[in-house]
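Have a look at data.txt; it's compact mmCIF, C-alpha atoms:
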# COMPACT_ATOMS: atom_id res chain seq x y z
CA MET A 1 -47.09 12.19 -12.43
CA THR A 2 -47.95 9.03 -14.33
CA LYS A 3 -49.82 10.48 -17.34
CA ASP A 4 -48.33 9.01 -20.53
CA ILE A 5 -46.05 11.43 -22.41
CA SER A 6 -44.26 8.88 -24.58
CA GLN A 7 -46.10 9.96 -27.73
CA ILE A 8 -45.67 13.73 -27.54
CA GLN A 9 -44.00 15.45 -30.50
CA PRO A 10 -42.59 18.76 -29.25
CA LYS A 11 -41.38 21.35 -31.73
CA ARG A 12 -39.41 23.42 -29.22
CA ILE A 13 -37.61 22.06 -26.16
CA LEU A 14 -35.81 23.87 -23.35
CA ILE A 15 -33.29 22.14 -21.06
CA CYS A 16 -32.58 23.85 -17.73
CA GLN A 17 -29.21 23.12 -16.10
CA LEU A 18 -27.74 26.30 -14.70
CA ARG A 19 -24.61 25.08 -12.90
CA GLN A 20 -21.98 23.99 -11.91
CA ILE A 21 -19.55 23.62 -14.84
CA GLY A 22 -19.04 19.90 -14.25
CA ASP A 23 -22.78 19.30 -13.90
CA VAL A 24 -23.42 21.05 -17.20
CA VAL A 25 -20.73 18.91 -18.86
CA LEU A 26 -22.52 15.84 -17.50
CA THR A 27 -25.71 17.04 -19.23
CA THR A 28 -24.22 17.52 -22.71
CA HIS A 29 -25.46 14.13 -23.91
CA ILE A 30 -29.08 15.05 -23.20
CA PRO A 31 -29.56 17.23 -26.32
CA GLU A 32 -28.30 14.33 -28.44
CA LEU A 33 -30.76 11.90 -26.86
CA LEU A 34 -33.63 14.34 -27.33
CA LYS A 35 -32.67 15.05 -30.94
CA LYS A 36 -32.64 11.34 -31.76
CA ARG A 37 -36.12 10.98 -30.29
CA PHE A 38 -37.47 14.27 -31.67
CA PRO A 39 -35.44 14.91 -34.85
CA TYR A 40 -37.53 17.89 -35.95
CA ALA A 41 -37.48 19.68 -32.61
CA SER A 42 -35.46 22.80 -31.85
CA ILE A 43 -33.53 22.30 -28.58
CA ASP A 44 -32.37 25.22 -26.42
CA PHE A 45 -30.28 25.09 -23.26
CA PHE A 46 -30.58 27.48 -20.28
CA THR A 47 -27.38 27.85 -18.25
CA GLU A 48 -25.12 30.31 -16.44
CA LYS A 49 -22.53 32.37 -18.33
CA LYS A 50 -19.56 30.58 -16.74
CA CYS A 51 -20.90 27.20 -17.96
CA ALA A 52 -21.92 28.19 -21.48
CA PRO A 53 -18.50 27.53 -23.11
CA VAL A 54 -18.82 23.76 -22.62
CA LEU A 55 -22.02 23.84 -24.70
CA ALA A 56 -20.57 25.84 -27.59
CA ASN A 57 -20.49 24.08 -30.96
CA ASN A 58 -22.87 21.36 -29.80
CA PRO A 59 -24.68 20.38 -33.02
CA TYR A 60 -27.77 19.23 -31.12
CA ILE A 61 -28.38 22.60 -29.46
CA SER A 62 -30.14 25.34 -31.41
CA ASP A 63 -29.54 28.18 -28.93
CA ILE A 64 -27.89 28.68 -25.54
CA LYS A 65 -29.90 30.92 -23.22
CA ILE A 66 -27.19 32.45 -21.05
CA LEU A 67 -27.82 33.79 -17.57
CA ASP A 68 -25.37 36.61 -16.81
CA LYS A 69 -26.18 37.56 -13.23
CA ASN A 70 -23.99 40.67 -13.44
CA LYS A 71 -26.33 42.16 -16.03
CA LEU A 72 -29.46 41.66 -13.94
CA ALA A 73 -29.31 44.84 -11.90
CA ASN A 74 -32.58 44.34 -10.06
CA PHE A 75 -35.34 41.81 -9.48
CA ALA A 76 -37.62 43.37 -12.09
CA LYS A 77 -34.95 42.97 -14.79
CA GLU A 78 -34.33 39.44 -13.65
CA LEU A 79 -38.00 38.51 -13.93
CA ALA A 80 -38.18 40.13 -17.37
CA PHE A 81 -35.22 38.02 -18.48
CA TYR A 82 -36.87 34.78 -17.32
CA TRP A 83 -40.15 35.84 -18.94
CA LYS A 84 -38.39 36.45 -22.26
CA ILE A 85 -36.81 32.98 -22.20
CA ALA A 86 -40.01 31.24 -21.16
CA ARG A 87 -42.07 32.84 -23.90
CA ASN A 88 -40.21 31.16 -26.75
CA ASN A 89 -43.17 28.87 -27.42
CA TYR A 90 -41.61 25.81 -25.84
CA ASP A 91 -43.73 22.65 -25.95
CA LEU A 92 -41.46 20.85 -23.50
CA VAL A 93 -39.34 22.22 -20.64
CA ILE A 94 -37.02 19.79 -18.83
CA ASP A 95 -35.71 21.10 -15.50
CA PHE A 96 -32.74 19.14 -14.16
CA GLN A 97 -32.08 21.34 -11.13
CA GLN A 98 -35.23 23.01 -9.76
CA LEU A 99 -33.20 26.04 -8.73
CA PRO A 100 -35.21 29.24 -8.13
CA ARG A 101 -34.10 30.74 -11.45
CA CYS A 102 -35.11 27.56 -13.27
CA ARG A 103 -38.45 27.58 -11.51
CA PHE A 104 -39.17 31.12 -12.69
CA VAL A 105 -38.68 30.01 -16.29
CA VAL A 106 -40.93 27.01 -15.67
CA LEU A 107 -43.51 29.26 -14.02
CA PHE A 108 -43.65 31.67 -16.96
CA SER A 109 -43.59 28.93 -19.56
CA ARG A 110 -46.72 27.91 -21.44
CA ALA A 111 -45.22 24.53 -22.28
CA ALA A 112 -47.73 21.69 -22.34
CA VAL A 113 -45.18 19.46 -20.62
CA ARG A 114 -43.00 20.84 -17.80
CA PHE A 115 -40.89 17.92 -16.66
CA THR A 116 -38.49 17.28 -13.76
CA SER A 117 -37.41 14.70 -11.19
CA SER A 118 -39.66 14.17 -8.18
CA PRO A 119 -40.15 17.71 -6.86
CA PRO A 120 -40.89 18.54 -3.21
CA TRP A 121 -44.59 19.00 -2.51
CA TYR A 122 -44.36 22.79 -2.50
CA ASN A 123 -42.99 22.86 -6.09
CA ARG A 124 -45.21 20.26 -7.67
CA TRP A 125 -47.75 22.78 -8.92
CA LEU A 126 -45.08 24.20 -11.27
CA TYR A 127 -44.64 20.94 -13.18
CA THR A 128 -47.02 18.85 -15.24
CA HIS A 129 -44.95 15.63 -15.09
CA TRP A 130 -42.09 14.20 -13.09
CA THR A 131 -40.22 10.96 -12.55
CA LYS A 132 -38.24 9.37 -9.75
CA LEU A 133 -34.47 9.64 -10.14
CA LYS A 134 -32.54 6.39 -10.36
CA ASN A 135 -29.32 5.80 -8.43
CA GLY A 136 -25.89 5.91 -10.04
CA HIS A 137 -23.56 8.25 -11.88
CA PRO A 138 -25.15 11.45 -13.28
CA ILE A 139 -24.58 10.44 -16.91
CA PRO A 140 -26.91 7.38 -16.93
CA ARG A 141 -29.10 8.88 -14.21
CA LYS A 142 -29.93 11.98 -16.25
CA ALA A 143 -30.39 9.93 -19.40
CA LYS A 144 -32.74 7.50 -17.69
CA MET A 145 -34.78 10.45 -16.46
CA LEU A 146 -35.98 10.70 -20.06
CA GLU A 147 -37.49 7.21 -20.14
CA PRO A 148 -41.08 8.52 -19.90
CA PHE A 149 -40.55 10.07 -23.35
CA GLY A 150 -39.70 6.68 -24.82
CA ILE A 151 -35.97 7.46 -24.78
CA VAL A 152 -33.56 4.60 -24.08
CA TRP A 153 -29.98 5.30 -23.00
CA ASN A 154 -27.56 3.25 -25.09
CA GLY A 155 -24.37 4.41 -23.44
CA GLU A 156 -24.25 7.88 -25.01
CA ARG A 157 -21.69 10.00 -23.19
CA PRO A 158 -21.33 13.73 -22.71
CA HIS A 159 -19.30 15.45 -25.37
CA ILE A 160 -17.46 18.75 -25.69
CA PHE A 161 -17.33 19.68 -29.36
CA LEU A 162 -13.97 21.31 -30.04
CA THR A 163 -13.19 23.19 -33.23
CA THR A 164 -10.22 22.32 -35.43
CA LYS A 165 -8.79 25.74 -34.54
CA GLU A 166 -9.01 24.98 -30.82
CA GLN A 167 -7.34 21.62 -31.34
CA ALA A 168 -4.56 23.23 -33.40
CA GLU A 169 -4.00 25.86 -30.72
CA ALA A 170 -3.66 23.12 -28.09
CA ARG A 171 -1.06 21.35 -30.22
CA ALA A 172 0.81 24.63 -30.67
CA LEU A 173 0.76 25.31 -26.91
CA LEU A 174 2.20 21.88 -26.15
CA THR A 175 4.82 22.15 -28.89
CA THR A 176 5.89 25.56 -27.56
CA HIS A 177 6.53 23.91 -24.19
CA GLY A 178 8.62 21.15 -25.71
CA VAL A 179 6.06 18.32 -25.75
CA THR A 180 6.81 15.80 -28.51
CA ALA A 181 5.11 12.71 -29.87
CA ASN A 182 7.44 10.59 -27.74
CA ASP A 183 6.26 12.16 -24.49
CA ILE A 184 3.53 10.88 -22.20
CA LEU A 185 1.18 13.76 -21.44
CA VAL A 186 -0.71 14.06 -18.15
CA THR A 187 -3.00 16.99 -17.33
CA VAL A 188 -3.25 17.86 -13.64
CA ALA A 189 -6.03 19.75 -11.83
CA PRO A 190 -4.72 20.21 -8.26
CA THR A 191 -7.05 23.05 -7.25
CA HIS A 192 -10.51 23.18 -5.69
CA HIS A 193 -12.44 25.90 -3.90
CA SER A 194 -13.15 23.49 -1.03
CA ALA A 195 -10.30 22.31 1.21
CA THR A 196 -12.18 19.06 1.89
CA ARG A 197 -11.88 18.16 -1.80
CA ARG A 198 -8.36 19.46 -2.40
CA TRP A 199 -5.42 17.05 -2.12
CA PRO A 200 -2.48 19.11 -0.83
CA ALA A 201 -0.31 20.83 -3.42
CA ARG A 202 2.81 19.35 -1.82
CA HIS A 203 1.39 15.85 -2.36
CA TYR A 204 0.83 16.58 -6.05
CA GLY A 205 4.38 17.87 -6.32
CA LYS A 206 5.83 14.80 -4.62
CA LEU A 207 3.83 12.44 -6.82
CA ILE A 208 5.02 14.25 -9.96
CA ASN A 209 8.58 13.91 -8.68
CA LEU A 210 8.10 10.16 -8.12
CA ALA A 211 6.63 9.74 -11.61
CA VAL A 212 9.43 11.64 -13.37
CA ARG A 213 12.10 9.74 -11.48
CA GLU A 214 10.62 6.53 -12.86
CA ASN A 215 9.88 7.79 -16.38
CA LYS A 216 11.38 11.03 -17.68
CA ARG A 217 9.09 10.93 -20.73
CA ILE A 218 6.11 12.04 -18.64
CA LYS A 219 5.15 15.70 -19.02
CA PHE A 220 2.59 17.34 -16.74
CA VAL A 221 0.35 20.29 -17.66
CA LEU A 222 -0.94 22.12 -14.58
CA PHE A 223 -4.40 23.73 -14.66
CA TYR A 224 -5.69 26.45 -12.39
CA GLY A 225 -8.67 28.78 -12.12
CA PRO A 226 -9.14 32.38 -11.01
CA GLY A 227 -7.07 33.14 -7.90
CA GLU A 228 -5.52 29.64 -7.83
CA ARG A 229 -2.10 30.19 -9.40
CA ALA A 230 -0.32 30.04 -6.01
CA CYS A 231 -1.49 26.44 -5.62
CA VAL A 232 0.05 25.26 -8.90
CA GLU A 233 3.22 27.24 -8.21
CA GLU A 234 3.55 25.27 -4.96
CA VAL A 235 3.09 22.05 -6.94
CA MET A 236 5.88 23.13 -9.29
CA ALA A 237 8.20 24.07 -6.45
CA THR A 238 7.65 20.76 -4.66
CA ALA A 239 7.98 18.66 -7.83
CA GLN A 240 11.48 20.03 -8.50
CA CYS A 241 11.43 18.92 -12.13
CA PRO A 242 10.63 22.09 -14.12
CA THR A 243 11.46 20.57 -17.49
CA ASN A 244 8.66 18.03 -17.00
CA CYS A 245 6.05 20.49 -15.74
CA ILE A 246 4.14 22.94 -17.91
CA LEU A 247 2.55 25.92 -16.17
CA PRO A 248 0.87 28.22 -18.72
CA LYS A 249 1.71 31.88 -18.21
CA THR A 250 -1.95 32.79 -18.21
CA MET A 251 -4.97 30.83 -17.05
CA LEU A 252 -6.45 28.69 -19.81
CA SER A 253 -10.08 29.19 -20.75
CA LEU A 254 -12.46 26.26 -20.30
CA ARG A 255 -12.26 25.39 -23.98
CA GLN A 256 -8.46 25.73 -24.08
CA MET A 257 -8.27 23.42 -21.09
CA ALA A 258 -10.62 20.97 -22.81
CA ALA A 259 -8.49 20.97 -25.95
CA VAL A 260 -5.37 20.15 -23.93
CA ILE A 261 -7.16 17.38 -21.99
CA GLU A 262 -8.19 15.86 -25.32
CA LYS A 263 -4.50 15.58 -26.25
CA ALA A 264 -3.51 14.02 -22.92
CA ASP A 265 -2.87 10.36 -22.20
CA LEU A 266 -4.29 10.76 -18.67
CA HIS A 267 -6.04 13.37 -16.58
CA PHE A 268 -5.19 13.41 -12.86
CA GLY A 269 -6.70 15.65 -10.20
CA ASN A 270 -9.29 16.43 -7.58
CA CYS A 271 -13.01 15.83 -7.85
CA SER A 272 -13.69 18.92 -9.96
CA SER A 273 -14.96 19.77 -13.43
CA PRO A 274 -11.80 18.75 -15.38
CA ARG A 275 -12.42 15.09 -14.46
CA HIS A 276 -15.80 15.37 -16.20
CA PHE A 277 -14.13 17.04 -19.17
CA ALA A 278 -11.95 13.93 -19.44
CA VAL A 279 -15.02 11.69 -19.65
CA ALA A 280 -16.54 13.93 -22.32
CA LEU A 281 -13.29 13.97 -24.31
CA ASN A 282 -12.54 10.23 -24.06
CA THR A 283 -9.39 10.80 -22.00
CA PRO A 284 -8.72 8.34 -19.14
CA SER A 285 -8.70 9.83 -15.65
CA LEU A 286 -7.64 9.23 -12.06
CA THR A 287 -9.28 11.25 -9.29
CA VAL A 288 -8.25 11.78 -5.67
CA ILE A 289 -11.36 11.55 -3.49
CA GLY A 290 -11.74 13.49 -0.25
CA ALA A 291 -15.10 14.57 1.13
CA ALA A 292 -16.95 13.77 -2.08
CA GLY A 293 -18.28 10.29 -2.68
CA THR A 294 -17.07 7.82 -5.27
CA GLY A 295 -20.39 8.03 -7.12
CA TRP A 296 -18.96 10.73 -9.41
CA THR A 297 -16.56 8.22 -10.98
CA PHE A 298 -17.95 7.13 -14.32
CA ASP A 299 -18.42 3.36 -14.50
CA SER A 300 -15.72 2.59 -17.03
CA PRO A 301 -12.28 0.94 -16.67
CA GLU A 302 -10.45 4.02 -17.94
CA HIS A 303 -11.90 6.26 -15.21
CA THR A 304 -10.75 5.41 -11.70
CA HIS A 305 -10.23 7.01 -8.30
CA VAL A 306 -8.12 6.63 -5.20
CA ILE A 307 -9.56 7.09 -1.70
CA LYS A 308 -8.28 6.72 1.86
CA ASN A 309 -11.47 4.85 2.85
CA LEU A 310 -11.81 6.36 6.31
CA PRO A 311 -15.02 5.65 8.26
CA CYS A 312 -16.03 9.30 7.89
CA GLN A 313 -15.89 9.19 4.09
CA PRO A 314 -17.78 10.47 2.27
CA CYS A 315 -18.85 13.29 4.58
CA LYS A 316 -19.75 15.58 1.62
CA GLN A 317 -19.05 18.58 3.84
CA GLU A 318 -17.21 21.83 3.13
CA THR A 319 -15.44 21.72 6.49
CA CYS A 320 -13.81 18.75 8.23
CA ALA A 321 -15.42 17.73 11.53
CA ARG A 322 -12.04 16.41 12.66
CA GLY A 323 -10.37 19.64 11.65
CA ASN A 324 -7.31 18.13 9.95
CA GLN A 325 -8.76 16.54 6.79
CA PRO A 326 -7.03 13.18 7.26
CA CYS A 327 -8.74 11.77 4.15
CA LEU A 328 -6.50 14.05 2.09
CA GLN A 329 -3.64 15.18 4.30
CA GLU A 330 -2.82 11.58 5.31
CA LEU A 331 -3.32 10.13 1.85
CA TYR A 332 0.37 10.27 0.99
CA PRO A 333 1.86 10.38 -2.53
CA GLU A 334 3.54 7.00 -1.98
CA GLU A 335 0.06 5.49 -1.44
CA VAL A 336 -1.39 7.13 -4.54
CA PHE A 337 1.56 6.43 -6.83
CA PRO A 338 0.69 2.75 -7.54
CA ALA A 339 -2.80 3.80 -8.61
CA PHE A 340 -1.29 6.53 -10.78
CA LYS A 341 1.04 4.06 -12.49
CA GLU A 342 -1.80 1.62 -13.11
CA ALA A 343 -4.05 4.37 -14.49
CA LEU A 344 -1.25 5.51 -16.78
CA ARG A 345 -0.57 1.94 -17.91
CA THR A 346 -4.25 1.46 -18.71
CA SER A 347 -4.45 4.81 -20.46
CA LEU A 348 -1.59 3.96 -22.80
CA GLN A 349 -3.59 0.92 -23.92
CA HIS A 350 -6.73 3.03 -24.38
CA PRO A 351 -7.73 3.50 -28.04

Spell out the structure here as structure tokens.
Amino acid sequence: MTKDISQIQPKRILICQLRQIGDVVLTTHIPELLKKRFPYASIDFFTEKKCAPVLANNPYISDIKILDKNKLANFAKELAFYWKIARNNYDLVIDFQQLPRCRFVVLFSRAAVRFTSSPPWYNRWLYTHWTKLKNGHPIPRKAKMLEPFGIVWNGERPHIFLTTKEQAEARALLTTHGVTANDILVTVAPTHHSATRRWPARHYGKLINLAVRENKRIKFVLFYGPGERACVEEVMATAQCPTNCILPKTMLSLRQMAAVIEKADLHFGNCSSPRHFAVALNTPSLTVIGAAGTGWTFDSPEHTHVIKNLPCQPCKQETCARGNQPCLQELYPEEVFPAFKEALRTSLQHP
């Protein structure tokens, strides 16, 4: 809708971004932008339990409203939960996703302004105002969504606010594994739930081997999620340089992973949430692109990607129509290695 909302002065604001983890990371600059525009407003954030850790410690967020689906035993309890959130006297609700659970909160809200991006006709009655999304990376796109409020994006980036304790624990973890100030540290995220976005583990291992042969100062920290340890073990076995590879005995939490990425010279991996952590933590990154498009690469020299550039890319599908995922399987380590070296060279010049 076109009604002017640039002069509103909300006292309580709710941001709705339920998932996924990377998408929530790419929304962490929004509370800062809103707080600059509305310094006296209280800003809450509605998200899923698995995503909440990336919002912890954010000084611009007053409260995180956490959706724990395991605790909502039935539909009545679920509705009561959304009702309780919505009735926090919000003046402004900003819905970035329009998921059903977000829409329930919007529905129950008495907010004078219920704002989103252009909703489909059947959802428009839920919202009082909306705007057309601009093209581009999610960071500027989400920020520019706020232009009707008189908010101008000046390059503010997402941020994960780590504690000094978390940073110290990351240093201790690296020291325990023999990482010194003379080493070059690279974090690696070789896993993904979708095979069309997962560069083969053997390719990661071979690239690590190539890198260590050229520079024995490089140390690699391997990340994995629930049920993914076999993938990183395959990377280790293929790399055949155990003294240069760090595989934590237990899976790191999101915030532990973030603290290690902050210490790294470069993050390397698939198109998954750790690449967005790197942007939020000012760590250069290189991403291997499969089915996903290149639009997720932040427009900055220290964040790059490598892609096979097949005619079928990006298909953005969970299964490969050709059946053999040539965009990843046939993107060989020897092809990626020059891009890796260049990304590492650039990263070592990064302030």

Produce a table with one row for each residue of region 171-249 of chain A that has an atom at most 8 Å from any atom of region 284-291 of chain A, each row naming the nearest atom pair and its distance in Å at one decimal; use all atoms listed in the file; arrange rows by chain and rising residue number; format as CSV.
residue,atom,partner,partner_atom,distance
A:Thr196,CA,A:Ala291,CA,5.4
A:Arg197,CA,A:Gly290,CA,4.9
A:Arg198,CA,A:Gly290,CA,7.2
A:Trp199,CA,A:Val288,CA,7.0

Item to check | Separation of CA of Lys206 (chain A) from CA of Ile261 (chain A), in Å and rounded to one decimal | outcome: 21.8 Å

Item to check | For Val106 (chain A): contacts at 9 Å, only C-alpha atoms, fewer than 6 positions along chain excluded, given as an NGL selection string | outcome: :A and (82 or 86 or 93-95 or 114 or 126-127)

Next on the checklist: So, with all atoms listed in the file as the atoms that count, which of A:Leu92, A:Ala237, A:Leu26, A:Leu79 lies closest to Leu281 (chain A)?
Outcome noted: A:Leu26

Checklist entry - Between A:Gln98, A:Ser62, A:Lys35, A:Lys263, which one has atoms that come closest to Gln17 (chain A), using all atoms listed in the file? => result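 Comparing A:Gln98, A:Ser62, A:Lys35, A:Lys263 against Gln17 (chain A), the winner is A:Gln98.
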
Incomplete region 322-340 of chain A brought to N, CA and C atoms, written out as a compact mmCIF listing (two decimals), in the coordinates of the input:
# COMPACT_ATOMS: atom_id res chain seq x y z
N ARG A 322 -13.24 16.75 11.88
CA ARG A 322 -12.04 16.41 12.66
C ARG A 322 -11.00 17.52 12.61
N GLY A 323 -11.21 18.46 11.70
CA GLY A 323 -10.37 19.64 11.65
C GLY A 323 -9.07 19.52 10.89
N ASN A 324 -8.62 18.30 10.59
CA ASN A 324 -7.31 18.13 9.95
C ASN A 324 -7.37 17.41 8.61
N GLN A 325 -8.57 17.16 8.10
CA GLN A 325 -8.76 16.54 6.79
C GLN A 325 -7.86 15.33 6.55
N PRO A 326 -7.93 14.34 7.41
CA PRO A 326 -7.03 13.18 7.26
C PRO A 326 -7.26 12.41 5.97
N CYS A 327 -8.47 12.49 5.40
CA CYS A 327 -8.74 11.77 4.15
C CYS A 327 -7.86 12.25 3.01
N LEU A 328 -7.37 13.49 3.11
CA LEU A 328 -6.50 14.05 2.09
C LEU A 328 -5.08 14.27 2.59
N GLN A 329 -4.97 14.88 3.77
CA GLN A 329 -3.64 15.18 4.30
C GLN A 329 -2.83 13.90 4.54
N GLU A 330 -3.51 12.83 4.98
CA GLU A 330 -2.82 11.58 5.31
C GLU A 330 -2.90 10.54 4.20
N LEU A 331 -3.37 10.97 3.04
CA LEU A 331 -3.32 10.13 1.85
C LEU A 331 -2.03 10.52 1.11
N TYR A 332 -0.96 9.84 1.41
CA TYR A 332 0.37 10.27 0.99
C TYR A 332 0.66 9.89 -0.47
N PRO A 333 1.52 10.65 -1.12
CA PRO A 333 1.86 10.38 -2.53
C PRO A 333 2.32 8.94 -2.77
N GLU A 334 3.06 8.38 -1.82
CA GLU A 334 3.54 7.00 -1.98
C GLU A 334 2.38 6.01 -2.04
N GLU A 335 1.25 6.35 -1.39
CA GLU A 335 0.06 5.49 -1.44
C GLU A 335 -0.68 5.64 -2.77
N VAL A 336 -0.66 6.84 -3.31
CA VAL A 336 -1.39 7.13 -4.54
C VAL A 336 -0.61 6.69 -5.78
N PHE A 337 0.71 6.68 -5.67
CA PHE A 337 1.56 6.43 -6.83
C PHE A 337 1.26 5.10 -7.54
N PRO A 338 1.04 3.99 -6.82
CA PRO A 338 0.69 2.75 -7.54
C PRO A 338 -0.58 2.89 -8.38
N ALA A 339 -1.57 3.59 -7.85
CA ALA A 339 -2.80 3.80 -8.61
C ALA A 339 -2.53 4.68 -9.83
N PHE A 340 -1.66 5.66 -9.65
CA PHE A 340 -1.29 6.53 -10.78
C PHE A 340 -0.61 5.71 -11.88
